[in-house]
file query_19.cif (mmCIF, C-alpha atoms)
data_structure
loop_
_atom_site.label_atom_id
_atom_site.label_comp_id
_atom_site.auth_asym_id
_atom_site.auth_seq_id
_atom_site.Cartn_x
_atom_site.Cartn_y
_atom_site.Cartn_z
CA MET L 1 59.72 180.47 143.04
CA THR L 2 60.00 181.78 146.61
CA ARG L 3 60.27 178.22 148.01
CA TYR L 4 62.98 177.34 145.46
CA PHE L 5 65.36 180.12 146.55
CA ALA L 6 64.73 179.36 150.21
CA LEU L 7 66.30 175.92 149.75
CA LEU L 8 69.58 177.23 148.35
CA PRO L 9 71.18 178.12 151.74
CA LEU L 10 70.41 174.66 153.10
CA LEU L 11 72.08 172.94 150.11
CA ALA L 12 75.14 175.14 150.48
CA LEU L 13 75.46 174.24 154.16
CA ALA L 14 75.15 170.53 153.35
CA ALA L 15 77.84 170.84 150.69
CA CYS L 16 80.16 172.58 153.12
CA GLY L 17 79.52 169.92 155.76
CA SER L 18 80.31 167.04 153.39
CA GLY L 19 83.46 168.73 152.11
CA GLY L 20 84.78 169.13 155.63
CA GLY L 21 84.23 165.40 156.35
CA ALA L 22 86.20 164.41 153.23
CA ASP L 23 89.17 166.53 154.27
CA GLU L 24 89.23 164.84 157.67
CA GLY L 25 89.09 161.36 155.99
CA GLU L 26 91.99 162.18 153.69
CA LYS L 27 94.11 163.21 156.62
CA ALA L 28 93.48 159.88 158.45
CA GLU L 29 95.00 157.40 155.97
CA PRO L 30 94.57 153.74 156.98
CA VAL L 31 97.65 151.83 158.15
CA ALA L 32 97.52 148.01 158.17
CA LEU L 33 99.41 145.86 160.68
CA VAL L 34 101.22 143.00 158.88
CA ARG L 35 103.94 140.41 159.23
CA THR L 36 106.54 139.93 156.50
CA ALA L 37 109.22 137.45 155.48
CA PRO L 38 112.06 137.77 152.97
CA VAL L 39 112.18 136.13 149.54
CA GLU L 40 114.95 133.55 149.83
CA GLN L 41 117.10 131.49 147.50
CA GLY L 42 116.40 127.76 147.93
CA ALA L 43 115.42 124.45 146.37
CA THR L 44 111.96 122.90 146.23
CA ALA L 45 110.88 119.33 145.64
CA THR L 46 108.00 118.27 143.43
CA GLN L 47 105.02 116.49 144.99
CA MET L 48 103.49 114.39 142.20
CA LEU L 49 100.21 112.50 142.25
CA ILE L 50 100.42 109.21 140.37
CA TYR L 51 97.78 106.58 139.64
CA GLY L 52 97.93 102.87 139.02
CA THR L 53 96.59 99.46 139.98
CA ALA L 54 97.38 96.67 142.39
CA GLU L 55 98.80 93.56 140.77
CA ALA L 56 100.40 90.30 141.79
CA GLY L 57 103.99 90.61 142.90
CA PRO L 58 106.87 88.88 141.11
CA GLY L 59 106.37 85.13 141.45
CA GLY L 60 102.92 85.63 142.92
CA GLU L 61 100.99 85.05 139.70
CA ARG L 62 100.40 81.84 137.73
CA SER L 63 98.96 81.73 134.23
CA LEU L 64 96.34 79.25 133.05
CA VAL L 65 96.88 78.30 129.41
CA ALA L 66 94.94 76.25 126.90
CA PRO L 67 96.70 72.89 126.34
CA ALA L 68 95.41 72.75 122.76
CA GLU L 69 93.15 74.71 120.47
CA ALA L 70 89.81 74.53 122.25
CA LEU L 71 86.41 76.08 122.85
CA VAL L 72 85.47 77.54 126.22
CA ASP L 73 82.69 75.36 127.57
CA ARG L 74 81.89 76.79 131.02
CA ILE L 75 83.41 79.44 133.28
CA LEU L 76 83.27 78.14 136.84
CA ALA L 77 85.23 80.92 138.60
CA PRO L 78 84.98 84.39 137.01
CA ASN L 79 87.33 87.32 137.67
CA GLY L 80 87.66 88.27 141.32
CA THR L 81 86.79 84.81 142.65
CA GLN L 82 88.93 83.56 145.52
CA VAL L 83 89.90 79.98 144.77
CA ALA L 84 91.82 77.20 146.46
CA ALA L 85 94.65 75.27 144.85
CA GLY L 86 93.18 72.66 142.51
CA GLN L 87 89.79 74.36 142.21
CA ALA L 88 88.17 74.22 138.77
CA ILE L 89 88.28 77.52 136.86
CA VAL L 90 87.21 76.75 133.27
CA THR L 91 86.11 73.69 131.31
CA LEU L 92 87.27 73.34 127.70
CA ARG L 93 86.14 71.12 124.87
CA PRO L 94 88.23 70.33 121.80
CA SER L 95 87.84 72.45 118.70
CA ARG L 96 87.16 70.70 115.40
CA THR L 97 90.86 70.75 114.54
CA THR L 98 91.88 69.40 117.95
CA ALA L 99 89.19 66.71 117.84
CA THR L 100 90.66 65.51 114.54
CA GLU L 101 94.17 65.50 116.03
CA ILE L 102 92.95 63.58 119.08
CA ALA L 103 91.26 60.95 116.91
CA ARG L 104 94.38 60.57 114.76
CA ALA L 105 96.71 60.39 117.76
CA ALA L 106 94.46 57.88 119.52
CA ALA L 107 94.37 55.66 116.43
CA ASP L 108 98.15 55.88 116.09
CA ALA L 109 98.58 54.96 119.75
CA VAL L 110 96.32 51.92 119.40
CA SER L 111 97.95 50.65 116.19
CA SER L 112 101.51 51.22 117.43
CA SER L 113 100.77 49.41 120.69
CA ALA L 114 99.37 46.49 118.70
CA ALA L 115 102.47 46.51 116.46
CA PHE L 116 104.72 46.44 119.52
CA ALA L 117 102.86 43.47 120.99
CA ARG L 118 103.09 41.65 117.65
CA ALA L 119 106.85 42.34 117.42
CA ARG L 120 107.37 40.86 120.86
CA ARG L 121 105.47 37.68 119.92
CA MET L 122 107.46 37.33 116.69
CA ARG L 123 110.69 37.80 118.62
CA ALA L 124 109.65 34.99 120.95
CA ASP L 125 109.07 32.77 117.91
CA GLY L 126 112.42 33.77 116.43
CA LEU L 127 110.79 35.63 113.55
CA ALA L 128 111.93 39.14 114.57
CA SER L 129 115.15 40.62 115.91
CA ASP L 130 115.74 42.64 119.07
CA ALA L 131 116.12 45.70 116.86
CA ASP L 132 112.65 45.13 115.39
CA VAL L 133 111.16 44.95 118.90
CA GLU L 134 112.99 48.11 120.00
CA THR L 135 111.77 50.03 116.96
CA ALA L 136 108.16 48.97 117.60
CA ARG L 137 108.47 49.92 121.27
CA ALA L 138 109.83 53.41 120.43
CA THR L 139 107.03 53.97 117.91
CA ALA L 140 104.38 53.02 120.45
CA GLU L 141 105.85 55.32 123.13
CA THR L 142 105.98 58.23 120.68
CA ALA L 143 102.34 57.72 119.71
CA ARG L 144 101.26 57.62 123.36
CA ALA L 145 103.28 60.78 124.14
CA THR L 146 101.73 62.59 121.19
CA LEU L 147 98.25 61.80 122.46
CA ALA L 148 99.13 62.86 126.01
CA ASN L 149 100.70 66.15 124.86
CA LEU L 150 97.41 67.24 123.31
CA GLY L 151 96.34 67.88 126.90
CA MET L 152 92.74 66.81 126.56
CA SER L 153 90.51 63.95 125.59
CA ARG L 154 87.54 63.85 123.27
CA ALA L 155 85.41 64.83 126.30
CA GLY L 156 87.49 67.93 126.96
CA THR L 157 89.40 69.01 130.05
CA VAL L 158 89.08 71.04 133.24
CA VAL L 159 91.57 73.85 133.86
CA ARG L 160 92.33 74.12 137.58
CA ALA L 161 94.05 76.71 139.79
CA PRO L 162 97.69 75.74 140.44
CA ILE L 163 97.78 77.86 143.62
CA ALA L 164 95.33 79.50 146.00
CA GLY L 165 94.54 83.09 145.07
CA ILE L 166 92.25 85.36 143.10
CA VAL L 167 91.18 84.83 139.48
CA GLN L 168 92.05 87.71 137.15
CA GLY L 169 92.43 88.38 133.45
CA LEU L 170 89.70 85.94 132.43
CA ASN L 171 88.27 87.67 129.36
CA ALA L 172 86.95 84.71 127.34
CA LYS L 173 83.26 83.84 127.15
CA SER L 174 81.51 80.52 126.73
CA GLY L 175 81.84 79.45 123.12
CA ASP L 176 85.04 81.45 122.45
CA GLN L 177 87.86 79.62 120.71
CA VAL L 178 91.32 79.85 122.25
CA ALA L 179 94.59 78.91 120.59
CA ALA L 180 96.96 76.29 121.94
CA GLY L 181 99.19 77.87 124.60
CA ALA L 182 97.03 81.02 124.85
CA SER L 183 96.51 82.47 128.32
CA ILE L 184 92.97 81.95 129.58
CA ALA L 185 93.36 83.62 132.98
CA SER L 186 95.80 83.97 135.84
CA ILE L 187 95.75 83.32 139.58
CA ALA L 188 97.23 86.04 141.79
CA ALA L 189 98.42 84.79 145.15
CA LYS L 190 96.57 86.68 147.87
CA GLY L 191 98.75 88.88 150.06
CA ASP L 192 101.61 89.11 147.59
CA LEU L 193 100.73 92.36 145.81
CA ARG L 194 102.56 95.34 144.42
CA ALA L 195 101.32 98.73 143.22
CA HIS L 196 102.09 99.49 139.58
CA PHE L 197 102.01 103.22 138.73
CA GLY L 198 102.27 105.02 135.40
CA ILE L 199 104.52 108.10 135.41
CA ASP L 200 105.77 110.63 132.89
CA PRO L 201 109.03 109.28 131.38
CA ALA L 202 110.87 112.54 132.16
CA ALA L 203 109.78 112.38 135.81
CA ALA L 204 110.77 108.70 135.99
CA GLN L 205 114.39 109.76 135.51
CA ARG L 206 114.22 111.46 138.92
CA VAL L 207 112.88 108.40 140.77
CA ARG L 208 115.14 105.90 142.51
CA PRO L 209 114.41 102.67 144.42
CA GLY L 210 114.02 103.42 148.11
CA GLN L 211 112.34 106.79 147.50
CA PRO L 212 109.37 107.48 149.84
CA LEU L 213 105.88 106.98 148.41
CA GLU L 214 102.51 107.57 150.07
CA LEU L 215 99.91 105.00 148.96
CA ASP L 216 96.13 105.43 149.13
CA SER L 217 93.33 103.24 147.86
CA VAL L 218 91.13 105.27 145.53
CA ASN L 219 88.06 104.55 147.68
CA GLY L 220 89.87 106.12 150.64
CA ASP L 221 89.82 103.01 152.84
CA GLY L 222 93.56 102.65 153.27
CA HIS L 223 96.80 104.62 153.55
CA ALA L 224 100.38 103.44 153.88
CA SER L 225 103.88 104.90 153.67
CA LEU L 226 105.97 102.80 151.27
CA THR L 227 109.19 103.01 149.32
CA VAL L 228 109.70 102.58 145.58
CA THR L 229 110.97 99.06 144.85
CA GLY L 230 111.54 99.37 141.11
CA VAL L 231 111.61 101.77 138.18
CA ASP L 232 111.02 100.74 134.56
CA ALA L 233 111.86 103.60 132.20
CA GLN L 234 110.56 101.70 129.16
CA VAL L 235 107.55 103.55 127.76
CA ASP L 236 104.29 101.63 127.44
CA PRO L 237 103.15 101.96 123.79
CA THR L 238 99.52 102.42 124.83
CA THR L 239 99.74 104.83 127.77
CA ARG L 240 103.05 106.48 126.75
CA LEU L 241 104.08 106.27 130.42
CA ALA L 242 106.99 104.70 132.25
CA SER L 243 106.37 102.49 135.31
CA ILE L 244 107.32 102.47 138.97
CA TYR L 245 106.52 99.76 141.52
CA ALA L 246 106.04 99.54 145.29
CA ARG L 247 105.27 96.51 147.43
CA VAL L 248 101.85 96.62 149.10
CA PRO L 249 102.02 95.70 152.80
CA GLN L 250 100.14 92.73 154.17
CA GLY L 251 96.66 93.59 155.42
CA PHE L 252 96.25 96.71 153.29
CA GLY L 253 92.99 95.30 151.93
CA LEU L 254 93.64 95.56 148.20
CA SER L 255 92.69 93.05 145.53
CA PRO L 256 94.46 92.58 142.20
CA GLY L 257 93.22 95.07 139.62
CA GLU L 258 92.00 97.59 142.22
CA ALA L 259 92.88 101.23 141.49
CA VAL L 260 95.39 103.01 143.75
CA ARG L 261 96.73 106.53 144.08
CA GLY L 262 100.19 107.58 145.21
CA GLU L 263 101.99 110.78 146.17
CA LEU L 264 105.63 110.82 145.22
CA SER L 265 108.19 113.37 146.36
CA LEU L 266 110.61 113.84 143.51
CA SER L 267 114.18 114.91 144.12
CA ALA L 268 114.79 118.64 144.63
CA GLU L 269 115.13 120.74 141.52
CA ALA L 270 117.68 123.47 140.87
CA SER L 271 117.82 126.31 143.39
CA GLY L 272 115.42 129.22 142.87
CA LEU L 273 113.44 131.86 144.73
CA THR L 274 111.05 130.67 147.46
CA ILE L 275 108.54 132.37 149.76
CA PRO L 276 106.40 131.13 152.66
CA TYR L 277 103.26 129.49 151.33
CA SER L 278 101.18 131.84 153.50
CA ALA L 279 102.35 134.82 151.42
CA LEU L 280 100.78 133.53 148.21
CA LEU L 281 97.31 134.93 147.45
CA ASP L 282 94.88 134.17 144.65
CA ASP L 283 92.29 136.21 142.80
CA GLY L 284 90.26 134.27 140.24
CA GLY L 285 93.13 131.95 139.43
CA LYS L 286 95.75 134.74 139.29
CA SER L 287 98.48 134.43 141.91
CA TYR L 288 99.92 137.49 143.62
CA VAL L 289 101.79 138.69 146.70
CA PHE L 290 102.19 141.98 148.52
CA VAL L 291 105.75 143.32 148.65
CA VAL L 292 106.47 145.98 151.31
CA GLU L 293 108.73 148.85 150.27
CA GLY L 294 109.11 151.98 152.38
CA GLY L 295 106.14 151.16 154.53
CA VAL L 296 103.82 150.69 151.54
CA ALA L 297 102.39 147.40 150.26
CA HIS L 298 102.61 146.87 146.50
CA GLN L 299 100.67 144.07 144.80
CA ARG L 300 102.79 141.91 142.48
CA GLN L 301 101.59 139.25 140.08
CA VAL L 302 103.74 136.10 140.45
CA SER L 303 104.17 132.71 138.80
CA PRO L 304 104.34 129.97 141.47
CA GLY L 305 106.43 126.84 140.99
CA ASN L 306 106.82 123.68 143.06
CA SER L 307 106.13 123.55 146.77
CA SER L 308 108.18 121.91 149.49
CA GLY L 309 106.90 121.87 153.06
CA ASP L 310 105.69 125.35 154.02
CA ARG L 311 107.51 127.15 151.18
CA ILE L 312 106.76 127.49 147.48
CA GLY L 313 108.98 128.36 144.56
CA ILE L 314 108.33 131.58 142.61
CA LEU L 315 109.36 131.64 138.96
CA LYS L 316 108.88 135.36 138.38
CA GLY L 317 107.42 138.47 140.01
CA VAL L 318 109.76 138.94 143.00
CA ALA L 319 113.48 139.31 143.68
CA ALA L 320 115.74 137.88 146.37
CA GLY L 321 115.53 140.02 149.50
CA ASP L 322 112.03 141.39 148.82
CA LYS L 323 109.81 141.43 151.91
CA VAL L 324 106.47 139.72 151.26
CA VAL L 325 103.44 139.95 153.52
CA THR L 326 102.71 136.64 155.27
CA GLU L 327 99.97 137.81 157.66
CA GLY L 328 97.34 140.47 157.01
CA GLY L 329 97.59 140.32 153.23
CA THR L 330 93.93 139.51 152.61
CA ALA L 331 92.89 142.92 153.95
CA LEU L 332 95.41 144.93 151.91
CA GLU L 333 95.01 146.97 148.77
CA ASP L 334 97.72 148.03 146.37
CA GLY L 335 99.50 151.14 147.70
CA MET L 336 98.18 150.86 151.24
CA LYS L 337 100.48 151.94 154.06
CA VAL L 338 101.51 149.20 156.45
CA ARG L 339 103.32 148.79 159.74
CA GLU L 340 105.22 145.59 160.45
CA GLN L 341 104.64 143.72 163.68
#
call {"tool": "encode", "arguments": {"input": "query_19.cif", "output": "structure tokens"}}
result
Amino acid sequence: MTRYFALLPLLALAACGSGGGADEGEKAEPVALVRTAPVEQGATATQMLIYGTAEAGPGGERSLVAPAEALVDRILAPNGTQVAAGQAIVTLRPSRTTATEIARAAADAVSSSAAFARARRMRADGLASDADVETARATAETARATLANLGMSRAGTVVRAPIAGIVQGLNAKSGDQVAAGASIASIAAKGDLRAHFGIDPAAAQRVRPGQPLELDSVNGDGHASLTVTGVDAQVDPTTRLASIYARVPQGFGLSPGEAVRGELSLSAEASGLTIPYSALLDDGGKSYVFVVEGGVAHQRQVSPGNSSGDRIGILKGVAAGDKVVTEGGTALEDGMKVREQ
């Protein structure tokens, strides 16, 4: 018991000492040194990332079509193959229906040619008129044209590249049947490419030919500053996007079908409040700024909008003329006194 009461004076002295320190701390309130800038009225532009693919430019692509209903026999140059003009791409063999048509047309051509020869002999003997010979000749020519228009023989045919370029769009496999006139593949002329981007239809209304566009290959190997060459506001039924186009410069290193990324600066929107980008702070996804009033920094939650250069639009949270902290804000707390540099 004696030891217990002996400790009481020491505890009292400690309490007095700590209380005195707190009073001195309260008297020395911290003052932060900051820089500020006013909230201004202004317009901001929208920087939009868009994605698309490289494709052959207008006139730089040739389609390969099946001359008649046929079966794919062999694929000699698959997608992505660089080919020369005249190089074999695919071999086709006639389908059962086409084989029957070829046999019929060949028989008609043979019989009509024989009839024409017979008409000429009879005319020489005076047993046929000039009109009879002319009719036989026309029938023979029609039969030969019908056989030629089938586009293949009983042995099949070879589909060749009409121009030098890169094979693309070849989706058929050996054994597949293709209809007459159906596209088998296409040849994209190398070096004549354009970038085709999908874009929100509403945003497409704010894009005009000649507008600047920054182009990047998705793999990061290339960058170029381009201009928009065309805008197609028609919505694709699959992607629900409109389209914009830009010509790819020579030597950019893209191939048809390769993915690309672009950054488009849309036209400025209606005027609104803007602040320097350096004033905007973030805490777990919540944006805020410090507004200085009467030498005190007050934290304000804000809703940022579009950015343009070193300024960003603010949709709500500040008023025109407010002074926002641009330097020293990360060390502030709500209600802290500040002194402006």
call {"tool": "resolve_selection", "arguments": {"input": "query_19.cif", "expression": "the PyMOL selection byres ((chain L and resi 102-112) around 6)", "output": "list of chain:residue names"}}
result
L:Ala99, L:Thr100, L:Glu101, L:Ser113, L:Ala114, L:Ala115, L:Ala140, L:Ala143, L:Arg144, L:Leu147
call {"tool": "resolve_selection", "arguments": {"input": "query_19.cif", "expression": "the PyMOL selection byres ((chain L and resi 130-135) around 9)", "output": "list in words"}}
result
Phe116, Ala117, Arg118, Ala119, Arg120, Met122, Arg123, Ala128, Ser129, Ala136, Arg137, Ala138, Thr139 and Ala140 of chain L
call {"tool": "write_last_selection", "arguments": {"input": "query_19.cif", "atoms": "C-alpha atoms", "output": "compact mmCIF listing (two decimals), in the coordinates of the input"}}
result
# COMPACT_ATOMS: atom_id res chain seq x y z
CA PHE L 116 104.72 46.44 119.52
CA ALA L 117 102.86 43.47 120.99
CA ARG L 118 103.09 41.65 117.65
CA ALA L 119 106.85 42.34 117.42
CA ARG L 120 107.37 40.86 120.86
CA MET L 122 107.46 37.33 116.69
CA ARG L 123 110.69 37.80 118.62
CA ALA L 128 111.93 39.14 114.57
CA SER L 129 115.15 40.62 115.91
CA ALA L 136 108.16 48.97 117.60
CA ARG L 137 108.47 49.92 121.27
CA ALA L 138 109.83 53.41 120.43
CA THR L 139 107.03 53.97 117.91
CA ALA L 140 104.38 53.02 120.45
call {"tool": "resolve_selection", "arguments": {"input": "query_19.cif", "expression": "the PyMOL selection byres ((chain L and resi 169) around 7)", "output": "list in words"}}
result
Asn79, Gln168, Leu170, Asn171, Ala185 and Ser186 of chain L
call {"tool": "residues_near_point", "arguments": {"input": "query_19.cif", "point": "(114.2, 129.9, 148.0)", "cutoff": "6 Å", "atoms": "only C-alpha atoms", "output": "ChimeraX atom specification"}}
result
/L:40-43,272-274
call {"tool": "residues_around", "arguments": {"input": "query_19.cif", "residues": "Leu49 of chain L", "least_positions_apart": "2", "cutoff": "8 Å", "atoms": "only C-alpha atoms", "output": "list in words"}}
result
Gln47, Tyr51, Arg261, Gly262, Glu263 and Leu264 of chain L
call {"tool": "closest_residue", "arguments": {"input": "query_19.cif", "among": "L:Ala85, L:Ala32, L:Val39, L:Ala202", "to": "Glu333 of chain L", "atoms": "only C-alpha atoms"}}
result
L:Ala32
call {"tool": "atom_distance", "arguments": {"input": "query_19.cif", "atom1": "atom CA of Val231 of chain L", "atom2": "atom CA of Ala246 of chain L"}}
result
9.3 Å
call {"tool": "atom_distance", "arguments": {"input": "query_19.cif", "atom1": "atom CA of Leu92 of chain L", "atom2": "atom CA of Gly57 of chain L"}}
result
28.4 Å
call {"tool": "closest_residue", "arguments": {"input": "query_19.cif", "among": "L:Thr98, L:Thr330, L:Gln299, L:Asn219", "to": "Ala180 of chain L", "atoms": "only C-alpha atoms"}}
result
L:Thr98
call {"tool": "atom_distance", "arguments": {"input": "query_19.cif", "atom1": "atom CA of Lys316 of chain L", "atom2": "atom CA of Ile275 of chain L"}}
result
11.8 Å
call {"tool": "closest_residue", "arguments": {"input": "query_19.cif", "among": "L:Leu241, L:Ala37, L:Ala164, L:Ile89", "to": "Val289 of chain L", "atoms": "only C-alpha atoms"}}
result
L:Ala37
call {"tool": "closest_residue", "arguments": {"input": "query_19.cif", "among": "L:Ile187, L:Val158, L:Val325, L:Val31", "to": "Leu64 of chain L", "atoms": "only C-alpha atoms"}}
result
L:Ile187
call {"tool": "residues_around", "arguments": {"input": "query_19.cif", "residues": "Pro249 of chain L", "least_positions_apart": "3", "cutoff": "12 Å", "atoms": "all atoms listed in the file", "output": "PyMOL selection string"}}
result
chain L and resi 54+57+190-195+215-216+222-227+246+252-254
call {"tool": "residues_around", "arguments": {"input": "query_19.cif", "residues": "Ser278 of chain L", "least_positions_apart": "5", "cutoff": "9 Å", "atoms": "all atoms listed in the file", "output": "ChimeraX atom specification"}}
result
/L:310-311,325-327
call {"tool": "write_last_selection", "arguments": {"input": "query_19.cif", "atoms": "C-alpha atoms", "output": "CSV table (one decimal), keeping the file's coordinate frame"}}
result
chain,number,residue,atom,x,y,z
L,310,ASP,CA,105.7,125.4,154.0
L,311,ARG,CA,107.5,127.2,151.2
L,325,VAL,CA,103.4,140.0,153.5
L,326,THR,CA,102.7,136.6,155.3
L,327,GLU,CA,100.0,137.8,157.7
call {"tool": "closest_residue", "arguments": {"input": "query_19.cif", "among": "L:Ser217, L:Ser255, L:Gln205, L:Gln87", "to": "Ala233 of chain L", "atoms": "all atoms listed in the file"}}
result
L:Gln205
call {"tool": "closest_residue", "arguments": {"input": "query_19.cif", "among": "L:Glu29, L:Asp73, L:Asp232, L:Asp125", "to": "Arg208 of chain L", "atoms": "all atoms listed in the file"}}
result
L:Asp232
